file upload_22.pdb (PDB, C-alpha atoms)
ATOM      1  CA  MET A   5       7.316   8.022 -25.474
ATOM      2  CA  THR A   6       3.750   6.733 -25.726
ATOM      3  CA  ALA A   7       3.037   3.383 -24.096
ATOM      4  CA  PRO A   8       1.773   0.668 -26.448
ATOM      5  CA  ALA A   9      -1.929  -0.089 -26.524
ATOM      6  CA  PRO A  10      -2.882  -3.129 -24.429
ATOM      7  CA  THR A  11      -4.181  -4.936 -27.501
ATOM      8  CA  SER A  12      -0.737  -4.650 -29.152
ATOM      9  CA  ILE A  13       1.086  -6.598 -26.411
ATOM     10  CA  GLN A  14       0.578 -10.049 -24.955
ATOM     11  CA  LEU A  15      -1.559  -9.813 -21.811
ATOM     12  CA  PRO A  16      -2.892 -12.711 -19.739
ATOM     13  CA  PRO A  17      -6.464 -12.871 -18.415
ATOM     14  CA  GLY A  18      -6.996 -11.652 -14.890
ATOM     15  CA  HIS A  19      -9.340 -10.719 -12.077
ATOM     16  CA  LEU A  20     -10.425  -7.216 -11.030
ATOM     17  CA  CYS A  21     -12.043  -7.023  -7.621
ATOM     18  CA  VAL A  22     -13.551  -4.139  -5.665
ATOM     19  CA  THR A  23     -12.752  -4.738  -1.990
ATOM     20  CA  THR A  24     -14.621  -2.972   0.770
ATOM     21  CA  TYR A  25     -15.684  -3.239   4.388
ATOM     22  CA  GLY A  26     -18.462  -0.684   3.859
ATOM     23  CA  SER A  27     -20.486   0.807   1.048
ATOM     24  CA  VAL A  28     -19.074   1.756  -2.340
ATOM     25  CA  THR A  29     -18.850   5.523  -2.717
ATOM     26  CA  TRP A  30     -20.639   7.074  -5.648
ATOM     27  CA  GLU A  31     -17.331   8.549  -6.818
ATOM     28  CA  THR A  32     -15.865   5.042  -7.027
ATOM     29  CA  THR A  33     -18.985   3.759  -8.776
ATOM     30  CA  GLN A  34     -18.700   6.494 -11.387
ATOM     31  CA  ALA A  35     -15.003   5.720 -11.922
ATOM     32  CA  LEU A  36     -15.757   1.994 -12.252
ATOM     33  CA  LEU A  37     -18.400   2.620 -14.916
ATOM     34  CA  GLN A  38     -15.946   4.718 -16.911
ATOM     35  CA  LEU A  39     -13.287   2.045 -16.431
ATOM     36  CA  GLN A  40     -15.639  -0.655 -17.681
ATOM     37  CA  ARG A  41     -16.399   1.321 -20.834
ATOM     38  CA  ARG A  42     -12.685   1.826 -21.398
ATOM     39  CA  VAL A  43     -11.985  -1.894 -20.956
ATOM     40  CA  VAL A  44     -14.516  -2.662 -23.675
ATOM     41  CA  THR A  45     -13.176  -0.091 -26.139
ATOM     42  CA  SER A  46      -9.544  -1.113 -25.525
ATOM     43  CA  GLY A  47     -10.240  -4.751 -26.337
ATOM     44  CA  LEU A  48      -9.663  -6.103 -22.830
ATOM     45  CA  ALA A  49     -13.245  -7.080 -22.021
ATOM     46  CA  ASN A  50     -12.770 -10.803 -22.614
ATOM     47  CA  ALA A  51      -9.612 -10.897 -20.510
ATOM     48  CA  ILE A  52     -11.007  -9.321 -17.317
ATOM     49  CA  THR A  53     -13.249 -11.005 -14.741
ATOM     50  CA  TRP A  54     -15.078  -8.448 -12.612
ATOM     51  CA  ASP A  55     -15.894  -9.131  -8.963
ATOM     52  CA  PHE A  56     -17.040  -7.413  -5.784
ATOM     53  CA  VAL A  57     -16.087  -8.608  -2.301
ATOM     54  CA  PRO A  58     -17.627  -6.907   0.716
ATOM     55  CA  GLY A  59     -16.278  -7.771   4.141
ATOM     56  CA  ASN A  60     -16.511  -6.692   7.761
ATOM     57  CA  LEU A  61     -12.729  -6.247   7.775
ATOM     58  CA  VAL A  62     -10.586  -5.127   4.876
ATOM     59  CA  ASP A  63      -8.123  -8.009   5.297
ATOM     60  CA  LYS A  64     -11.035 -10.474   5.144
ATOM     61  CA  ALA A  65     -12.202  -8.905   1.880
ATOM     62  CA  ARG A  66      -8.696  -9.011   0.415
ATOM     63  CA  ASN A  67      -8.174 -12.674   1.326
ATOM     64  CA  GLU A  68     -11.538 -13.601  -0.171
ATOM     65  CA  ALA A  69     -10.596 -11.766  -3.375
ATOM     66  CA  VAL A  70      -7.419 -13.866  -3.616
ATOM     67  CA  HIS A  71      -9.363 -17.095  -3.062
ATOM     68  CA  ARG A  72     -11.774 -16.199  -5.855
ATOM     69  CA  MET A  73      -8.989 -15.310  -8.263
ATOM     70  CA  LEU A  74      -7.088 -18.528  -7.571
ATOM     71  CA  ALA A  75     -10.275 -20.539  -8.112
ATOM     72  CA  ASN A  76     -10.161 -19.429 -11.755
ATOM     73  CA  ALA A  77      -7.247 -21.311 -13.314
ATOM     74  CA  GLN A  78      -7.132 -18.830 -16.203
ATOM     75  CA  SER A  79      -6.602 -15.710 -14.085
ATOM     76  CA  GLN A  80      -2.944 -14.699 -13.909
ATOM     77  CA  PHE A  81      -3.281 -11.526 -11.862
ATOM     78  CA  LEU A  82      -5.523  -9.842  -9.318
ATOM     79  CA  VAL A  83      -6.228  -6.116  -9.364
ATOM     80  CA  GLN A  84      -7.714  -4.854  -6.110
ATOM     81  CA  ILE A  85      -9.471  -1.501  -6.009
ATOM     82  CA  ASP A  86     -10.891  -0.202  -2.752
ATOM     83  CA  ALA A  87     -14.420   1.145  -2.682
ATOM     84  CA  ASP A  88     -13.365   4.679  -1.681
ATOM     85  CA  MET A  89     -10.954   5.413  -4.528
ATOM     86  CA  THR A  90     -11.214   7.452  -7.699
ATOM     87  CA  PHE A  91      -9.086   6.786 -10.765
ATOM     88  CA  PRO A  92      -8.908   7.530 -14.510
ATOM     89  CA  PRO A  93     -10.462   5.100 -17.017
ATOM     90  CA  THR A  94      -6.959   4.137 -18.183
ATOM     91  CA  ILE A  95      -5.803   2.957 -14.740
ATOM     92  CA  LEU A  96      -6.026  -0.743 -15.598
ATOM     93  CA  GLU A  97      -4.147  -0.313 -18.884
ATOM     94  CA  THR A  98      -1.374   1.573 -17.110
ATOM     95  CA  LEU A  99      -0.947  -1.135 -14.483
ATOM     96  CA  LEU A 100      -1.038  -3.939 -17.055
ATOM     97  CA  VAL A 101       1.436  -2.322 -19.435
ATOM     98  CA  THR A 102       3.794  -1.671 -16.520
ATOM     99  CA  ALA A 103       3.511  -5.223 -15.179
ATOM    100  CA  TYR A 104       3.706  -7.125 -18.466
ATOM    101  CA  HIS A 105       5.560  -4.851 -20.901
ATOM    102  CA  GLU A 106       7.653  -2.128 -19.269
ATOM    103  CA  LEU A 107       8.702  -3.993 -16.111
ATOM    104  CA  PRO A 108       7.887  -7.691 -16.559
ATOM    105  CA  TRP A 109      10.169  -8.513 -13.597
ATOM    106  CA  ALA A 110       7.811  -6.668 -11.249
ATOM    107  CA  ASP A 111       5.649  -9.081  -9.257
ATOM    108  CA  ILE A 112       3.425  -6.422  -7.675
ATOM    109  CA  VAL A 113       2.508  -3.067  -9.248
ATOM    110  CA  GLY A 114       0.659  -0.446  -7.233
ATOM    111  CA  ALA A 115      -0.800   2.916  -8.161
ATOM    112  CA  TRP A 116      -0.030   6.319  -6.642
ATOM    113  CA  CYS A 117      -2.631   6.446  -3.851
ATOM    114  CA  PRO A 118      -2.750   9.162  -1.155
ATOM    115  CA  LEU A 119      -3.787   8.658   2.449
ATOM    116  CA  ARG A 120      -6.824  10.486   3.789
ATOM    117  CA  GLY A 121      -5.113  12.504   6.515
ATOM    118  CA  GLU A 122      -2.805  15.471   6.088
ATOM    119  CA  PRO A 123      -0.239  15.741   4.554
ATOM    120  CA  TYR A 124      -1.883  13.135   2.294
ATOM    121  CA  LEU A 125       1.235  11.067   1.744
ATOM    122  CA  PRO A 126       1.147   8.440  -1.002
ATOM    123  CA  THR A 127       1.578   4.801   0.007
ATOM    124  CA  ILE A 128       5.192   4.706  -1.167
ATOM    125  CA  ASP A 129       8.026   3.348   0.975
ATOM    126  CA  THR A 130      11.307   2.989  -0.907
ATOM    127  CA  GLY A 131      13.189   1.856   2.177
ATOM    128  CA  THR A 132      12.692   4.390   4.977
ATOM    129  CA  GLY A 133      10.034   2.377   6.807
ATOM    130  CA  THR A 134       7.499   5.207   6.465
ATOM    131  CA  TRP A 135       5.264   6.591   3.740
ATOM    132  CA  GLU A 136       7.296   9.126   1.801
ATOM    133  CA  PRO A 137       6.387  12.457   0.146
ATOM    134  CA  THR A 138       6.528  11.601  -3.558
ATOM    135  CA  LEU A 139       4.958  13.479  -6.436
ATOM    136  CA  PRO A 140       2.839  11.633  -8.996
ATOM    137  CA  ASN A 141       3.629  11.209 -12.704
ATOM    138  CA  ILE A 142       7.357  10.557 -12.326
ATOM    139  CA  GLY A 143       7.287   7.012 -13.621
ATOM    140  CA  PRO A 144       7.743   3.693 -11.813
ATOM    141  CA  LEU A 145       9.535   3.434  -8.460
ATOM    142  CA  GLU A 146      10.686   0.202  -6.862
ATOM    143  CA  VAL A 147       9.506   0.103  -3.241
ATOM    144  CA  ILE A 148       9.567  -2.180  -0.221
ATOM    145  CA  ARG A 149       5.958  -1.411   0.700
ATOM    146  CA  THR A 150       2.833   0.001  -0.871
ATOM    147  CA  GLY A 151      -0.862   0.073  -0.041
ATOM    148  CA  GLY A 152      -3.653  -2.192  -1.204
ATOM    149  CA  ALA A 153      -6.087   0.477  -2.388
ATOM    150  CA  CYS A 154      -5.211   0.000  -6.072
ATOM    151  CA  VAL A 155      -2.677  -2.705  -6.800
ATOM    152  CA  LEU A 156      -1.988  -5.482  -9.299
ATOM    153  CA  THR A 157      -0.475  -8.710  -7.980
ATOM    154  CA  LYS A 158       0.593 -11.574 -10.212
ATOM    155  CA  ARG A 159      -0.771 -15.034  -9.502
ATOM    156  CA  HIS A 160       2.552 -16.675  -8.620
ATOM    157  CA  VAL A 161       2.944 -14.365  -5.606
ATOM    158  CA  PHE A 162      -0.199 -15.740  -3.949
ATOM    159  CA  GLU A 163       0.639 -19.310  -4.941
ATOM    160  CA  ARG A 164       4.074 -19.093  -3.323
ATOM    161  CA  MET A 165       2.871 -17.361  -0.163
ATOM    162  CA  GLU A 166       0.949 -19.192   2.536
ATOM    163  CA  ALA A 167      -2.625 -18.141   3.274
ATOM    164  CA  PRO A 168      -3.936 -15.972   4.776
ATOM    165  CA  TRP A 169      -2.141 -13.502   2.582
ATOM    166  CA  TYR A 170      -3.457 -10.393   4.329
ATOM    167  CA  GLY A 171      -3.705  -9.658   8.026
ATOM    168  CA  VAL A 172      -2.711  -7.058  10.594
ATOM    169  CA  ARG A 173       0.264  -8.076  12.737
ATOM    170  CA  PRO A 174       1.860  -6.640  15.878
ATOM    171  CA  ALA A 175       4.880  -4.410  15.317
ATOM    172  CA  PRO A 176       7.310  -4.842  18.233
ATOM    173  CA  ARG A 177      10.227  -2.493  18.686
ATOM    174  CA  PRO A 178      13.315  -3.354  16.602
ATOM    175  CA  LEU A 179      15.160  -3.884  19.884
ATOM    176  CA  ASP A 180      12.678  -6.601  20.867
ATOM    177  CA  THR A 181      12.893  -8.217  17.442
ATOM    178  CA  LEU A 182      16.691  -8.344  17.603
ATOM    179  CA  ALA A 183      16.513  -9.882  21.067
ATOM    180  CA  GLU A 184      14.211 -12.599  19.745
ATOM    181  CA  PHE A 185      16.509 -13.218  16.784
ATOM    182  CA  ASP A 186      19.555 -13.361  19.042
ATOM    183  CA  ASN A 187      17.793 -15.945  21.199
ATOM    184  CA  TYR A 188      16.771 -17.959  18.133
ATOM    185  CA  CYS A 189      20.373 -18.023  16.901
ATOM    186  CA  ARG A 190      21.612 -19.253  20.278
ATOM    187  CA  ILE A 191      19.051 -22.059  20.236
ATOM    188  CA  LYS A 192      20.051 -23.163  16.743
ATOM    189  CA  PHE A 193      23.830 -22.694  17.078
ATOM    190  CA  ASP A 194      24.565 -24.357  20.414
ATOM    191  CA  GLY A 195      24.256 -21.264  22.567
ATOM    192  CA  ARG A 196      26.035 -18.777  20.316
ATOM    193  CA  ASN A 197      24.999 -16.103  17.880
ATOM    194  CA  PRO A 198      27.386 -16.330  14.892
ATOM    195  CA  PHE A 199      26.366 -12.838  13.765
ATOM    196  CA  MET A 200      27.233 -11.176  17.069
ATOM    197  CA  HIS A 201      30.760 -10.163  16.044
ATOM    198  CA  MET A 202      29.802  -8.762  12.646
ATOM    199  CA  ARG A 203      30.110  -5.015  12.174
ATOM    200  CA  GLU A 204      26.615  -4.914  10.687
ATOM    201  CA  TRP A 205      25.125  -6.575  13.785
ATOM    202  CA  GLU A 206      26.769  -3.979  16.015
ATOM    203  CA  GLN A 207      25.439  -1.162  13.833
ATOM    204  CA  ILE A 208      21.875  -2.418  13.675
ATOM    205  CA  SER A 209      21.872  -3.157  17.406
ATOM    206  CA  GLN A 210      22.980   0.400  18.158
ATOM    207  CA  CYS A 211      20.250   1.769  15.899
ATOM    208  CA  ALA A 212      17.670  -0.345  17.731
ATOM    209  CA  VAL A 213      18.864   0.905  21.117
ATOM    210  CA  GLU A 214      18.706   4.530  19.963
ATOM    211  CA  ASP A 215      15.225   4.058  18.523
ATOM    212  CA  ALA A 216      14.033   2.548  21.821
ATOM    213  CA  GLN A 217      15.515   5.455  23.757
ATOM    214  CA  ASN A 218      13.759   7.922  21.465
ATOM    215  CA  GLN A 219      10.462   6.114  21.979
ATOM    216  CA  ARG A 220      10.855   6.290  25.743
ATOM    217  CA  GLY A 221      11.651   9.979  25.459
ATOM    218  CA  GLN A 222       8.453  10.586  23.531
ATOM    219  CA  ASN A 223       6.392   8.476  25.942
ATOM    220  CA  PRO A 224       8.238   8.611  29.302
ATOM    221  CA  ARG A 225       5.455   6.974  31.304
ATOM    222  CA  GLY A 226       4.982   4.163  28.818
ATOM    223  CA  LEU A 227       1.317   4.986  28.362
ATOM    224  CA  PHE A 228      -0.614   2.711  26.029
ATOM    225  CA  GLY A 229       2.478   0.554  25.464
ATOM    226  CA  SER A 230       4.557   2.492  22.958
ATOM    227  CA  HIS A 231       5.872  -0.742  21.411
ATOM    228  CA  LEU A 232       2.412  -2.237  20.848
ATOM    229  CA  ALA A 233       2.023  -0.804  17.360
ATOM    230  CA  THR A 234       0.604  -2.760  14.426
ATOM    231  CA  VAL A 235       1.499  -3.254  10.779
ATOM    232  CA  GLY A 236      -1.420  -2.859   8.376
ATOM    233  CA  GLU A 237      -2.647  -5.756   6.264
ATOM    234  CA  ASP A 238      -1.199  -4.311   3.035
ATOM    235  CA  SER A 239       2.224  -3.505   4.482
ATOM    236  CA  ASN A 240       2.311  -6.938   6.111
ATOM    237  CA  PHE A 241       1.570  -8.515   2.728
ATOM    238  CA  CYS A 242       4.412  -6.530   1.150
ATOM    239  CA  ASP A 243       6.803  -7.604   3.910
ATOM    240  CA  LYS A 244       5.980 -11.272   3.316
ATOM    241  CA  ALA A 245       6.305 -10.840  -0.442
ATOM    242  CA  ARG A 246       9.704  -9.177  -0.115
ATOM    243  CA  ALA A 247      10.880 -11.928   2.238
ATOM    244  CA  LEU A 248      10.105 -14.407  -0.547
ATOM    245  CA  GLY A 249      12.162 -12.415  -3.029
ATOM    246  CA  PHE A 250       9.337 -10.721  -4.932
ATOM    247  CA  ARG A 251       9.751  -7.171  -6.220
ATOM    248  CA  ILE A 252       7.254  -4.344  -5.803
ATOM    249  CA  VAL A 253       6.800  -1.244  -7.945
ATOM    250  CA  VAL A 254       4.585   1.799  -7.649
ATOM    251  CA  GLN A 255       3.670   3.228 -11.031
ATOM    252  CA  THR A 256       3.276   6.900 -10.136
ATOM    253  CA  ASN A 257       1.726   7.572 -13.550
ATOM    254  CA  ALA A 258      -1.328   5.611 -12.357
ATOM    255  CA  VAL A 259      -2.818   8.269 -10.092
ATOM    256  CA  CYS A 260      -5.742   7.622  -7.749
ATOM    257  CA  GLY A 261      -7.754   9.872  -5.476
ATOM    258  CA  HIS A 262      -9.023   8.961  -2.009
ATOM    259  CA  VAL A 263     -12.648   9.805  -1.231
ATOM    260  CA  ASP A 264     -13.014  11.371   2.210
ATOM    261  CA  ARG A 265     -16.025  12.128   4.347
ATOM    262  CA  LYS A 266     -16.232  14.365   7.401
ATOM    263  CA  ILE A 267     -18.828  15.994   9.592
ATOM    264  CA  ILE A 268     -18.754  19.767   9.439
ATOM    265  CA  THR A 269     -19.041  21.242  12.932
ATOM    266  CA  PRO A 270     -19.008  24.764  14.402
ATOM    267  CA  ALA A 271     -15.327  24.219  15.128
ATOM    268  CA  ASP A 272     -14.655  23.931  11.385
ATOM    269  CA  HIS A 273     -16.443  27.226  10.792
ATOM    270  CA  LYS A 274     -14.480  28.864  13.614
ATOM    271  CA  ASP A 275     -11.165  27.617  12.235
ATOM    272  CA  ALA A 276     -12.057  28.711   8.715
ATOM    273  CA  MET A 277     -12.962  32.223   9.870
ATOM    274  CA  LYS A 278      -9.721  32.431  11.834
ATOM    275  CA  ARG A 279      -7.690  31.459   8.796
ATOM    276  CA  ALA A 280      -9.554  33.989   6.659
ATOM    277  CA  GLU A 281      -8.838  36.733   9.221
ATOM    278  CA  GLU A 282      -5.154  35.807   9.333
ATOM    279  CA  GLN A 283      -4.923  35.874   5.540
ATOM    280  CA  GLU A 284      -6.640  39.274   5.433
ATOM    281  CA  LEU A 285      -4.195  40.701   7.993
ATOM    282  CA  LEU A 286      -1.286  39.191   6.072
ATOM    283  CA  ALA A 287      -2.539  40.817   2.864
ATOM    284  CA  CYS A 288      -2.573  44.154   4.688
ATOM    285  CA  GLY A 289       0.989  43.648   5.838
ATOM    286  CA  VAL A 290       0.073  43.013   9.468
ATOM    287  CA  THR A 291       2.017  40.167  11.086
ATOM    288  CA  GLY A 292       2.574  38.799  14.587
TER     289      GLY A 292
END
call {"tool": "encode", "arguments": {"input": "upload_22.pdb", "output": "structure tokens"}}
result
Amino acid sequence: MTAPAPTSIQLPPGHLCVTTYGSVTWETTQALLQLQRRVVTSGLANAITWDFVPGNLVDKARNEAVHRMLANAQSQFLVQIDADMTFPPTILETLLVTAYHELPWADIVGAWCPLRGEPYLPTIDTGTGTWEPTLPNIGPLEVIRTGGACVLTKRHVFERMEAPWYGVRPAPRPLDTLAEFDNYCRIKFDGRNPFMHMREWEQISQCAVEDAQNQRGQNPRGLFGSHLATVGEDSNFCDKARALGFRIVVQTNAVCGHVDRKIITPADHKDAMKRAEEQELLACGVTG
């Protein structure tokens, strides 16, 4: 089934912002120029405000983008695109049609965006707490977290949520979080935790204990503080949005690429030659 053209459905005006803490890659620039031409030909030019927000930190750039969008009373959504992404010219249409026609209940709609490092997982978390291996072009998926590299967020999400919307936060162990919650309950309920005798509390507490034991097993000396992890600014934003009851979707049909840069060293050449030798031996039937 072919999605309707954007001009054939009711779409509100919105804000498209390129967010970056460094320079814009030429691949992203090329994709943006093609996107701009597509916006004109699809009849969306008058509905989109274009912006560029550089920042020393990505969360600073994202928060500034939200401020600018909210300053325009007409803008009903913010599309953020990072300066190291590639995407097809139809990316904006796909996000808009998903958000305002196919799934109007969705408050946040992200694209399928891979991470830089192997195995290049997409920023899709349907409930496991980690980025999950998910193929593109399988339609929309409701998630609990997605990244901020290419994402559409409706205005009411930012209006309901307190600023700053984006920011890295510490990620204590679940065991520590439960201990804090248990203490909070005892303060509010005259020294008792009314959830303590629930089967679900016992189950989640046991899971937290097992996770803590596994962490200690992986880091027996406690080097670098194994529980001193952090939650990225985009995942933190998703967590706050979910806590407020908003729903998040990744439209896997909106596929992005992630521009990577690396320095080629003699070690890369050595590794490449080793792989070539192994493949040659394998082709000759030599193994081991």
call {"tool": "residues_around", "arguments": {"input": "upload_22.pdb", "residues": "Ile142 (chain A)", "least_positions_apart": "3", "cutoff": "9 Å", "atoms": "all atoms listed in the file", "output": "ChimeraX atom specification"}}
result
/A:138-139,145,255-257
call {"tool": "closest_residue", "arguments": {"input": "upload_22.pdb", "among": "A:Ile95, A:Ala69, A:Val147, A:Ala77", "to": "Val43 (chain A)", "atoms": "all atoms listed in the file"}}
result
A:Ile95
call {"tool": "residues_near_point", "arguments": {"input": "upload_22.pdb", "point": "(10.6, -10.0, -4.3)", "cutoff": "12 Å", "atoms": "all atoms listed in the file", "output": "ChimeraX atom specification"}}
result
/A:109-113,146-149,157-158,160-161,164-165,241-253
call {"tool": "resolve_selection", "arguments": {"input": "upload_22.pdb", "expression": "the PyMOL selection byres ((chain A and resi 84) around 8)", "output": "VMD selection string"}}
result
chain A and resid 20 to 23 66 69 82 to 83 85 to 86 152 to 156
call {"tool": "closest_residue", "arguments": {"input": "upload_22.pdb", "among": "A:Ile128, A:Ile208, A:Cys117, A:Ala258", "to": "Met89 (chain A)", "atoms": "all atoms listed in the file"}}
result
A:Cys117
call {"tool": "atom_distance", "arguments": {"input": "upload_22.pdb", "atom1": "CA of Glu163 (chain A)", "atom2": "CA of Tyr25 (chain A)"}}
result
24.7 Å
call {"tool": "closest_residue", "arguments": {"input": "upload_22.pdb", "among": "A:Asn67, A:Thr24, A:Thr53, A:Gln207", "to": "Ala167 (chain A)", "atoms": "all atoms listed in the file"}}
result
A:Asn67
call {"tool": "atom_distance", "arguments": {"input": "upload_22.pdb", "atom1": "CA of Pro92 (chain A)", "atom2": "CA of Trp30 (chain A)"}}
result
14.7 Å
call {"tool": "residues_around", "arguments": {"input": "upload_22.pdb", "residues": "Glu237 (chain A)", "least_positions_apart": "4", "cutoff": "8 Å", "atoms": "only C-alpha atoms", "output": "MDAnalysis selection string"}}
result
chainID A and resid 63 170:173 241
call {"tool": "axis_aligned_box", "arguments": {"input": "upload_22.pdb", "around": "region 40-54 of chain A", "padding_each_side": "3 Å", "output": "JSON"}}
result
{"center_x": -13.0, "center_y": -4.6, "center_z": -19.5, "size_x": 12.9, "size_y": 18.8, "size_z": 19.7}
call {"tool": "atom_distance", "arguments": {"input": "upload_22.pdb", "atom1": "CA of Ser79 (chain A)", "atom2": "CA of Pro17 (chain A)"}}
result
5.2 Å
call {"tool": "residues_around", "arguments": {"input": "upload_22.pdb", "residues": "Ile13 (chain A)", "least_positions_apart": "6", "cutoff": "10 Å", "atoms": "all atoms listed in the file", "output": "NGL selection string"}}
result
:A and (100-101 or 104-105)
call {"tool": "decode", "arguments": {"input": "upload_22.pdb", "residues": "region 28-68 of chain A", "atoms": "C-alpha atoms", "output": "compact mmCIF listing (two decimals), in the first residue's frame"}}
result
# COMPACT_ATOMS: atom_id res chain seq x y z
CA VAL A 28 28.53 19.23 9.33
CA THR A 29 29.81 16.38 7.19
CA TRP A 30 29.67 16.83 3.45
CA GLU A 31 27.53 13.69 3.21
CA THR A 32 24.95 15.30 5.49
CA THR A 33 25.14 18.55 3.55
CA GLN A 34 24.46 16.71 0.30
CA ALA A 35 21.51 14.86 1.87
CA LEU A 36 20.10 18.14 3.24
CA LEU A 37 20.25 19.80 -0.18
CA GLN A 38 18.37 16.88 -1.72
CA LEU A 39 15.88 16.99 1.15
CA GLN A 40 15.30 20.70 0.63
CA ARG A 41 14.57 20.18 -3.06
CA ARG A 42 12.15 17.40 -2.18
CA VAL A 43 10.37 19.59 0.38
CA VAL A 44 9.79 22.20 -2.31
CA THR A 45 8.49 19.75 -4.91
CA SER A 46 6.22 17.98 -2.39
CA GLY A 47 4.50 21.21 -1.40
CA LEU A 48 5.85 21.35 2.15
CA ALA A 49 8.14 24.36 1.75
CA ASN A 50 5.81 26.84 3.45
CA ALA A 51 5.22 24.52 6.39
CA ILE A 52 8.87 23.88 7.36
CA THR A 53 11.18 26.28 9.20
CA TRP A 54 14.83 25.36 8.68
CA ASP A 55 17.42 25.92 11.41
CA PHE A 56 20.96 25.02 12.39
CA VAL A 57 22.14 24.80 16.01
CA PRO A 58 25.81 24.19 16.72
CA GLY A 59 26.85 23.47 20.28
CA ASN A 60 29.85 22.37 22.31
CA LEU A 61 27.74 19.50 23.68
CA VAL A 62 25.03 17.63 21.85
CA ASP A 63 22.52 18.03 24.70
CA LYS A 64 23.11 21.80 24.64
CA ALA A 65 22.37 21.86 20.91
CA ARG A 66 19.22 19.78 21.35
CA ASN A 67 17.88 21.99 24.15
CA GLU A 68 18.54 25.12 22.10
